[in-house]
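Report on one structure; see the data block that follows.
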Amino acid sequence: MSDDLPLPSDQLAGAPHPRETHRIYGHHDAEQELLGGFNSGRLHHAWMITGPKGIGKATLAWRFARFLLATPEPETDGLFGAPPPPETLDIPDDHPVARNMLSGATPGLKQVIRTPNDRGVLRKQIAVEDVRALVPFFGLSAAHGGRRIVIVDAADDMTTQAANALLKTLEEPPARAVLMLITHQPTRLLPTIKSRCRTLRLSTLGPQDMARALDQAGVAVPAQAAGHLAELSGGSVGAAMQLLSQDGLTIYADLLALLGGLPRLDRGRAAALSRKAAGREAADRAGLILDMLDILLARLARTGASATPPPEAADGESAVLQRLSPDARAARHWADKAAEVSARARRALAANLDPAAVVLDTVLSIEKTAAA
Amino acid sequence: MKISIERGALLKAVSQAQSVVERRNTIPILANVLIEAEGDTVHFRATDLDIEVQDRAPAVVERAGATTVAATTLHEIVRKLPDGALVTLSADSAAGRLAVEAGRSSFSLATLPREDFPVMATSEYQSNFSAPAPMLRRLFDKSKFAISTEETRYYLNGVYMHVADADGGKVLRCVATDGHRLARIDADLPDGASDMPGVIVPRKTVGELRKLLDDDDMKIAVSVSETKIRFATPDITLTSKVIDGTFPDYSRVIPQNNTRRLEVDAGEFAQAVDRVATVSSERSRAVKLQLDEDRLILSVNAPDSGAAEEELAVAYGDERLEIGFNAKYLLEIASQVDRENAVFLFNSAGDPTLMREGNDQSAVYVVMPMRV
């Protein structure tokens, strides 16, 4: 039934929704910090979960929300004293709260995500109305044992007005409310927001955790692609799933082949690549191509700077990297280009230019650099 | 699950339950009604996460069980079936379908598992009492027009039901206000209600509750806690969250020393206000009242559209007074008067005016004047 609907803005393409993922890998310390807060009886009301995209920040937020809603407040005045404090955030899959969460109907939990505008188009930012929807939520009494939880995914998407509207709640939260702000780039948040939140920094996943997380999501990684995938995803499960579902490895290989021909660019190949980004449904694809290009340029710079290429992310990559970026001077050149290309292309996409044209333009501008 | 039930009983139960289901709803399970069959009754339960309605109806239960199915679809089907038909509902959990059969018609509806349905947590109620339906009907009918629709002051988006001290001892009191007008309705305190915590009953709940109160002989079981309120008839149980906020100290704004007394037939007054307000500007809807010895002149002077004037014979013995009001507010409070004359008590053109029915102190209305 949901096949026809666009993905909600808090779900990555090719990945299950964070609320559907019960286990989390590689964030043991962060979990213990949350659990410690809960067991101390003085849980901070606002948490800012930071880290790169796709490493499990939202999964952790949903997991903690599930735990909070399903765990009754410890009774300290009982006949037998307090029960032993919980040691994990695990909640059985068949717990009513877990079931309700899966079906999306959780009293006591409210998400703040990007919503469609009047014309049904998903907004690029979290608007002030989305945050103001919290007023009726906090205006009514709580459902589950008094807890009310808000997940803001992602806080980076909030407009300044939306952030200011959230500030009031962050400053004077209702009793037993917990707000979790997910942010990929905490530096871009208002200082007033940051100063009211406790930061929980998540790091990228190691190869083992990554493999387990992908396995849980039911993503089969072809054996020959595993190494390449690990290189390109940079320790982010979400990125890995996106690469797999949108054929990112092939795109990367295409880009590499294209740049492999430098200083002469194969125009036919460049046009074929840009066609992949054409059309309305390929808007995500354009973003992915530019991401891959960013990664490729960064790897070029790295190769030149360290004089040794990183482990291959596509067949025959090392040779191309070493040829195009033989020394530190070339490395600096590529690093400058990477910054410039990335900023320019994102601006163009944000201005709703034709993605195919943006991709072609970007590739052509790299040809000029290579020629210089 | 397999049950047989008479169409009329089914329609009554389903229509009550489906009315709480939000029409614009993005969460599939919340569009569903939970059907639970056991013994010789079947329960229908629907929720919007803030209000839950549970209906019971007698049925022949061949196989006990439970399932959920789209509430509006089921309601439409049952509504269109011929009166007196015997309806059979049988759930096939393996196929995820509910078969609805009556005479020669048969339908097959998609179901969702019962475990996904969010059942409102039962809480302990501090106060349980029984109140006759006409009493509750009066309390809420006469106060609900004044409920605010402004979301920023969310604590005014409901009727404040509490125990209060009046001249003749303790009363059960309902107050609603939007900052421009206020309604304060008292009723005899039912047995067992004296320790009831004051709660703000949300507007939607007031609307849903009204459907339970049509039967004059019905006794309604009311249960109240700090966070929930429940109204129950033998067949229907309505449980709702309450507004989590502090209702303002309304007694401060009820004028005590208004001495200028106007007595007028409420029906005639309302009709006259309605007539002259026809020419008032859409935005202000201001009506001017000129009071003189036993004479009331209602007038509207709108520079854009024209002017109107109407004279009424009234009982007024004080000095001349000119005062302006919003026509809509006057109409609404005048329509609450049904037995005796309306009595207005004024102070000056800038002070709040009090209105009641004859000398009845159990229903008091306050309305702010407008500058005209």
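Chain identifiers are assigned as A, B, and so on, following the order in which chains appear in the structure tokens; residues are numbered from 1 within each chain, and ligands are numbered from 1 in order of appearance.
Near segment 359-366 of chain A, within a cut-off of 9 Å and counting only C-alpha atoms, sit the residues Leu255, Leu258, Leu259, Leu265, Arg267, Ala270, Ala271, Leu273, Ser274, Arg275, Ala277, Ala286, Ile289, Leu290, Leu293, Lys337, Val341, Ser342, Arg344, Ala345, Asp354, Pro355, Ala356, Ala357, Lys368, Thr369, Ala370 and Ala371 of chain A, with same-chain residues fewer than 2 positions away left out.
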Kindly provide the residues of chain A that approach chain B to within 12 Å, each paired with its closest atom pair and their distance in Å to one decimal, based on only C-alpha atoms, listed by chain and increasing number, as JSON lines.
```
{"residue": "A:Met1", "atom": "CA", "partner": "B:Pro28", "partner_atom": "CA", "distance": 9.4}
{"residue": "A:Ser2", "atom": "CA", "partner": "B:Pro28", "partner_atom": "CA", "distance": 9.7}
{"residue": "A:Leu5", "atom": "CA", "partner": "B:Thr26", "partner_atom": "CA", "distance": 10.5}
{"residue": "A:Pro8", "atom": "CA", "partner": "B:Thr26", "partner_atom": "CA", "distance": 11.2}
{"residue": "A:Leu69", "atom": "CA", "partner": "B:Ala121", "partner_atom": "CA", "distance": 11.6}
{"residue": "A:Ala70", "atom": "CA", "partner": "B:Ala121", "partner_atom": "CA", "distance": 11.6}
{"residue": "A:Asp93", "atom": "CA", "partner": "B:Glu115", "partner_atom": "CA", "distance": 11.3}
{"residue": "A:Asp94", "atom": "CA", "partner": "B:Glu115", "partner_atom": "CA", "distance": 8.3}
{"residue": "A:His95", "atom": "CA", "partner": "B:Glu115", "partner_atom": "CA", "distance": 9.1}
{"residue": "A:Pro96", "atom": "CA", "partner": "B:Glu115", "partner_atom": "CA", "distance": 6.9}
{"residue": "A:Val97", "atom": "CA", "partner": "B:Pro118", "partner_atom": "CA", "distance": 8.2}
{"residue": "A:Ala98", "atom": "CA", "partner": "B:Asp116", "partner_atom": "CA", "distance": 8.8}
{"residue": "A:Arg99", "atom": "CA", "partner": "B:Asp116", "partner_atom": "CA", "distance": 5.2}
{"residue": "A:Asn100", "atom": "CA", "partner": "B:Asp116", "partner_atom": "CA", "distance": 5.1}
{"residue": "A:Met101", "atom": "CA", "partner": "B:Asp116", "partner_atom": "CA", "distance": 8.3}
{"residue": "A:Leu102", "atom": "CA", "partner": "B:Asp116", "partner_atom": "CA", "distance": 7.6}
{"residue": "A:Ser103", "atom": "CA", "partner": "B:Asp116", "partner_atom": "CA", "distance": 5.9}
{"residue": "A:Gly104", "atom": "CA", "partner": "B:Ile27", "partner_atom": "CA", "distance": 6.1}
{"residue": "A:Ala105", "atom": "CA", "partner": "B:Pro118", "partner_atom": "CA", "distance": 6.5}
{"residue": "A:Thr106", "atom": "CA", "partner": "B:Pro118", "partner_atom": "CA", "distance": 7.0}
{"residue": "A:Pro107", "atom": "CA", "partner": "B:Leu49", "partner_atom": "CA", "distance": 5.5}
{"residue": "A:Gly108", "atom": "CA", "partner": "B:Leu49", "partner_atom": "CA", "distance": 8.7}
{"residue": "A:Leu109", "atom": "CA", "partner": "B:Leu49", "partner_atom": "CA", "distance": 10.4}
{"residue": "A:Lys110", "atom": "CA", "partner": "B:Leu49", "partner_atom": "CA", "distance": 11.3}
{"residue": "A:Thr115", "atom": "CA", "partner": "B:Thr26", "partner_atom": "CA", "distance": 11.8}
{"residue": "A:Glu129", "atom": "CA", "partner": "B:Glu151", "partner_atom": "CA", "distance": 11.8}
{"residue": "A:Arg132", "atom": "CA", "partner": "B:Thr152", "partner_atom": "CA", "distance": 8.9}
{"residue": "A:Ala133", "atom": "CA", "partner": "B:Glu151", "partner_atom": "CA", "distance": 9.5}
{"residue": "A:Leu134", "atom": "CA", "partner": "B:Glu151", "partner_atom": "CA", "distance": 10.5}
{"residue": "A:Val135", "atom": "CA", "partner": "B:Thr152", "partner_atom": "CA", "distance": 7.2}
{"residue": "A:Pro136", "atom": "CA", "partner": "B:Tyr154", "partner_atom": "CA", "distance": 6.8}
{"residue": "A:Phe137", "atom": "CA", "partner": "B:Asp50", "partner_atom": "CA", "distance": 9.4}
{"residue": "A:Phe138", "atom": "CA", "partner": "B:Asp244", "partner_atom": "CA", "distance": 7.2}
{"residue": "A:Gly139", "atom": "CA", "partner": "B:Asp244", "partner_atom": "CA", "distance": 5.2}
{"residue": "A:Leu140", "atom": "CA", "partner": "B:Ile243", "partner_atom": "CA", "distance": 4.2}
{"residue": "A:Ser141", "atom": "CA", "partner": "B:Asp244", "partner_atom": "CA", "distance": 4.8}
{"residue": "A:Ala142", "atom": "CA", "partner": "B:Thr227", "partner_atom": "CA", "distance": 6.9}
{"residue": "A:Ala143", "atom": "CA", "partner": "B:Ala121", "partner_atom": "CA", "distance": 6.8}
{"residue": "A:His144", "atom": "CA", "partner": "B:Ala121", "partner_atom": "CA", "distance": 6.6}
{"residue": "A:Gly145", "atom": "CA", "partner": "B:Ala121", "partner_atom": "CA", "distance": 8.3}
{"residue": "A:Gly146", "atom": "CA", "partner": "B:Thr227", "partner_atom": "CA", "distance": 8.5}
{"residue": "A:Arg147", "atom": "CA", "partner": "B:Thr227", "partner_atom": "CA", "distance": 11.8}
{"residue": "A:Arg148", "atom": "CA", "partner": "B:Asp244", "partner_atom": "CA", "distance": 11.9}
{"residue": "A:Ala165", "atom": "CA", "partner": "B:Thr152", "partner_atom": "CA", "distance": 11.7}
{"residue": "A:Pro174", "atom": "CA", "partner": "B:Asp244", "partner_atom": "CA", "distance": 9.0}
{"residue": "A:Ala175", "atom": "CA", "partner": "B:Asp244", "partner_atom": "CA", "distance": 10.1}
```
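From atom CA of Thr177 of chain B back to atom CA of Ile147 of chain B, the distance works out to 5.3 Å.
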Let's see if you can do this: from backbone DSSP, list all alpha helix (DSSP H) residues in segment 93-227 of chain A, as JSON, numbers by chain. {"A": [96, 97, 98, 99, 100, 101, 102, 103, 128, 129, 130, 131, 132, 134, 135, 136, 137, 138, 139, 160, 161, 162, 163, 164, 165, 166, 167, 168, 169, 170, 171, 191, 192, 193, 194, 207, 208, 209, 210, 211, 212, 213, 214, 215, 216, 226, 227]}
For Ile254 of chain B: contacts at 12 Å, only C-alpha atoms, fewer than 4 positions along chain excluded, given as a list in words: Val175, Thr177, Gly179, His180, Arg181, Leu182, Ala183, Arg184, Asp249, Tyr250, Asn258, Leu345, Phe346, Asn347, Asp351, Pro352, Thr353, Leu354, Met355, Arg356, Val364, Tyr365, Val366, Val367 and Met368 of chain B
Contacts of Tyr252 of chain A at 12 Å (only C-alpha atoms; same-chain gap of 6+ positions) as a list in words: His228, Leu229, Glu231, Leu232, Ser233, Leu243, Leu244, Gln246, Leu258, Leu259, Gly260, Leu273, Leu288, Ile289, Leu290, Asp291, Met292, Leu293, Asp294, Ile295, Leu296, Leu297, Arg299, Glu312, Ala313, Ala314, Asp315, Gly316 and Glu317 of chain A
Resulting file, chosen residues, C-alpha atoms, as a short mmCIF file (atom, residue, chain, number, x, y, z; two decimals), in the first residue's frame:
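Full text of selection-v7.cif as output:
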```cif
data_model
loop_
_atom_site.label_atom_id
_atom_site.label_comp_id
_atom_site.auth_asym_id
_atom_site.auth_seq_id
_atom_site.Cartn_x
_atom_site.Cartn_y
_atom_site.Cartn_z
CA HIS A 228 34.66 -1.47 -2.66
CA LEU A 229 31.51 -0.79 -0.68
CA GLU A 231 35.72 2.09 1.00
CA LEU A 232 32.97 4.21 -0.55
CA SER A 233 30.45 4.15 2.29
CA LEU A 243 25.00 2.82 -2.85
CA LEU A 244 23.65 -0.68 -3.29
CA GLN A 246 20.94 3.05 -6.45
CA LEU A 258 35.60 8.84 -17.38
CA LEU A 259 38.39 10.50 -15.42
CA GLY A 260 40.74 7.71 -16.40
CA LEU A 273 26.43 9.70 -17.32
CA LEU A 288 24.50 10.43 -5.70
CA ILE A 289 26.62 11.12 -8.81
CA LEU A 290 27.85 14.34 -7.24
CA ASP A 291 28.55 12.53 -3.96
CA MET A 292 30.58 9.93 -5.82
CA LEU A 293 32.43 12.67 -7.65
CA ASP A 294 33.22 14.32 -4.30
CA ILE A 295 34.58 11.04 -3.01
CA LEU A 296 36.64 10.47 -6.15
CA LEU A 297 38.17 13.95 -6.00
CA ARG A 299 40.60 10.24 -2.98
CA GLU A 312 40.67 0.24 -4.25
CA ALA A 313 37.03 1.25 -4.40
CA ALA A 314 36.70 0.12 -8.01
CA ASP A 315 38.74 -2.14 -10.19
CA GLY A 316 41.85 -0.47 -11.52
CA GLU A 317 41.34 2.59 -9.37
#
```
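Closest approach to Ser223 of chain B among B:Val206, B:Met196, B:Leu262, B:Ala176: B:Met196, based on only C-alpha atoms.
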Nearby residues (only C-alpha atoms) at most 8 Å from segment 22-39 of chain A, same-chain spacing under 6 positions excluded, as a PDB file with N, CA, C and O atoms, in the first residue's frame:
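Listed below is the output, part.pdb:
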```pdb
ATOM      1  N   GLY A  56      23.261   5.358  12.064  1.00  0.00           N
ATOM      2  CA  GLY A  56      22.354   4.790  13.063  1.00  0.00           C
ATOM      3  C   GLY A  56      21.902   5.785  14.120  1.00  0.00           C
ATOM      4  O   GLY A  56      21.463   5.386  15.189  1.00  0.00           O
ATOM      5  N   THR A  59      18.160   5.422  14.291  1.00  0.00           N
ATOM      6  CA  THR A  59      17.876   4.100  14.841  1.00  0.00           C
ATOM      7  C   THR A  59      18.050   4.118  16.351  1.00  0.00           C
ATOM      8  O   THR A  59      17.227   3.587  17.101  1.00  0.00           O
ATOM      9  N   LEU A  60      19.118   4.781  16.799  1.00  0.00           N
ATOM     10  CA  LEU A  60      19.348   4.878  18.243  1.00  0.00           C
ATOM     11  C   LEU A  60      18.239   5.693  18.914  1.00  0.00           C
ATOM     12  O   LEU A  60      17.742   5.319  19.982  1.00  0.00           O
ATOM     13  N   ARG A  63      15.196   3.639  19.119  1.00  0.00           N
ATOM     14  CA  ARG A  63      15.424   2.561  20.069  1.00  0.00           C
ATOM     15  C   ARG A  63      15.262   3.073  21.497  1.00  0.00           C
ATOM     16  O   ARG A  63      14.636   2.432  22.337  1.00  0.00           O
ATOM     17  N   PHE A  64      15.809   4.242  21.750  1.00  0.00           N
ATOM     18  CA  PHE A  64      15.701   4.812  23.086  1.00  0.00           C
ATOM     19  C   PHE A  64      14.250   5.207  23.369  1.00  0.00           C
ATOM     20  O   PHE A  64      13.745   5.001  24.481  1.00  0.00           O
ATOM     21  N   PRO A  85      18.079  -2.036  37.981  1.00  0.00           N
ATOM     22  CA  PRO A  85      17.936  -1.149  36.828  1.00  0.00           C
ATOM     23  C   PRO A  85      18.145  -1.908  35.527  1.00  0.00           C
ATOM     24  O   PRO A  85      18.917  -2.881  35.500  1.00  0.00           O
ATOM     25  N   PRO A  86      17.469  -1.526  34.461  1.00  0.00           N
ATOM     26  CA  PRO A  86      17.647  -2.219  33.182  1.00  0.00           C
ATOM     27  C   PRO A  86      19.082  -2.076  32.697  1.00  0.00           C
ATOM     28  O   PRO A  86      19.739  -1.064  32.953  1.00  0.00           O
ATOM     29  N   GLU A  87      19.578  -3.130  32.031  1.00  0.00           N
ATOM     30  CA  GLU A  87      20.967  -3.107  31.579  1.00  0.00           C
ATOM     31  C   GLU A  87      21.097  -2.885  30.089  1.00  0.00           C
ATOM     32  O   GLU A  87      22.179  -2.678  29.572  1.00  0.00           O
ATOM     33  N   THR A  88      20.002  -2.996  29.375  1.00  0.00           N
ATOM     34  CA  THR A  88      20.079  -2.747  27.932  1.00  0.00           C
ATOM     35  C   THR A  88      18.835  -1.973  27.501  1.00  0.00           C
ATOM     36  O   THR A  88      17.856  -1.879  28.244  1.00  0.00           O
ATOM     37  N   LEU A  89      18.901  -1.449  26.299  1.00  0.00           N
ATOM     38  CA  LEU A  89      17.749  -0.741  25.750  1.00  0.00           C
ATOM     39  C   LEU A  89      16.837  -1.694  24.985  1.00  0.00           C
ATOM     40  O   LEU A  89      15.875  -1.265  24.356  1.00  0.00           O
ATOM     41  N   ASP A  90      17.147  -2.994  25.013  1.00  0.00           N
ATOM     42  CA  ASP A  90      16.359  -3.956  24.231  1.00  0.00           C
ATOM     43  C   ASP A  90      14.926  -4.030  24.722  1.00  0.00           C
ATOM     44  O   ASP A  90      14.668  -4.113  25.915  1.00  0.00           O
ATOM     45  N   ASP A  93      10.374  -7.632  20.437  1.00  0.00           N
ATOM     46  CA  ASP A  93       9.662  -7.209  19.225  1.00  0.00           C
ATOM     47  C   ASP A  93       8.154  -7.255  19.380  1.00  0.00           C
ATOM     48  O   ASP A  93       7.432  -6.543  18.699  1.00  0.00           O
ATOM     49  N   LEU A 200      25.456  13.662  22.115  1.00  0.00           N
ATOM     50  CA  LEU A 200      25.797  12.247  22.090  1.00  0.00           C
ATOM     51  C   LEU A 200      26.445  12.027  20.735  1.00  0.00           C
ATOM     52  O   LEU A 200      25.782  12.110  19.706  1.00  0.00           O
ATOM     53  N   ARG A 201      27.770  11.839  20.730  1.00  0.00           N
ATOM     54  CA  ARG A 201      28.468  11.778  19.452  1.00  0.00           C
ATOM     55  C   ARG A 201      28.597  10.325  19.022  1.00  0.00           C
ATOM     56  O   ARG A 201      29.144   9.513  19.753  1.00  0.00           O
ATOM     57  N   LEU A 202      28.084  10.001  17.857  1.00  0.00           N
ATOM     58  CA  LEU A 202      28.216   8.637  17.344  1.00  0.00           C
ATOM     59  C   LEU A 202      29.324   8.626  16.291  1.00  0.00           C
ATOM     60  O   LEU A 202      29.463   9.570  15.526  1.00  0.00           O
ATOM     61  N   SER A 203      30.098   7.540  16.297  1.00  0.00           N
ATOM     62  CA  SER A 203      31.178   7.471  15.313  1.00  0.00           C
ATOM     63  C   SER A 203      30.816   6.475  14.214  1.00  0.00           C
ATOM     64  O   SER A 203      29.851   5.727  14.331  1.00  0.00           O
ATOM     65  N   LEU A 205      30.991   3.233  11.689  1.00  0.00           N
ATOM     66  CA  LEU A 205      31.033   1.816  12.064  1.00  0.00           C
ATOM     67  C   LEU A 205      32.289   1.145  11.529  1.00  0.00           C
ATOM     68  O   LEU A 205      32.752   1.460  10.440  1.00  0.00           O
ATOM     69  N   GLY A 206      32.792   0.206  12.296  1.00  0.00           N
ATOM     70  CA  GLY A 206      33.899  -0.638  11.822  1.00  0.00           C
ATOM     71  C   GLY A 206      33.350  -1.684  10.864  1.00  0.00           C
ATOM     72  O   GLY A 206      32.140  -1.881  10.771  1.00  0.00           O
ATOM     73  N   ASP A 209      30.844  -4.391  12.479  1.00  0.00           N
ATOM     74  CA  ASP A 209      29.533  -3.852  12.827  1.00  0.00           C
ATOM     75  C   ASP A 209      28.737  -3.543  11.570  1.00  0.00           C
ATOM     76  O   ASP A 209      27.532  -3.740  11.491  1.00  0.00           O
ATOM     77  N   MET A 210      29.453  -3.028  10.594  1.00  0.00           N
ATOM     78  CA  MET A 210      28.835  -2.677   9.324  1.00  0.00           C
ATOM     79  C   MET A 210      28.204  -3.906   8.681  1.00  0.00           C
ATOM     80  O   MET A 210      27.057  -3.875   8.246  1.00  0.00           O
ATOM     81  N   ARG A 212      27.275  -6.620  10.109  1.00  0.00           N
ATOM     82  CA  ARG A 212      26.129  -7.108  10.886  1.00  0.00           C
ATOM     83  C   ARG A 212      24.903  -6.226  10.668  1.00  0.00           C
ATOM     84  O   ARG A 212      23.788  -6.706  10.549  1.00  0.00           O
ATOM     85  N   ALA A 213      25.143  -4.912  10.610  1.00  0.00           N
ATOM     86  CA  ALA A 213      24.029  -3.999  10.412  1.00  0.00           C
ATOM     87  C   ALA A 213      23.388  -4.206   9.045  1.00  0.00           C
ATOM     88  O   ALA A 213      22.160  -4.206   8.901  1.00  0.00           O
ATOM     89  N   GLN A 216      21.335  -7.317   9.127  1.00  0.00           N
ATOM     90  CA  GLN A 216      20.049  -7.131   9.799  1.00  0.00           C
ATOM     91  C   GLN A 216      19.032  -6.471   8.882  1.00  0.00           C
ATOM     92  O   GLN A 216      17.859  -6.822   8.870  1.00  0.00           O
TER      93      GLN A 216
END
```
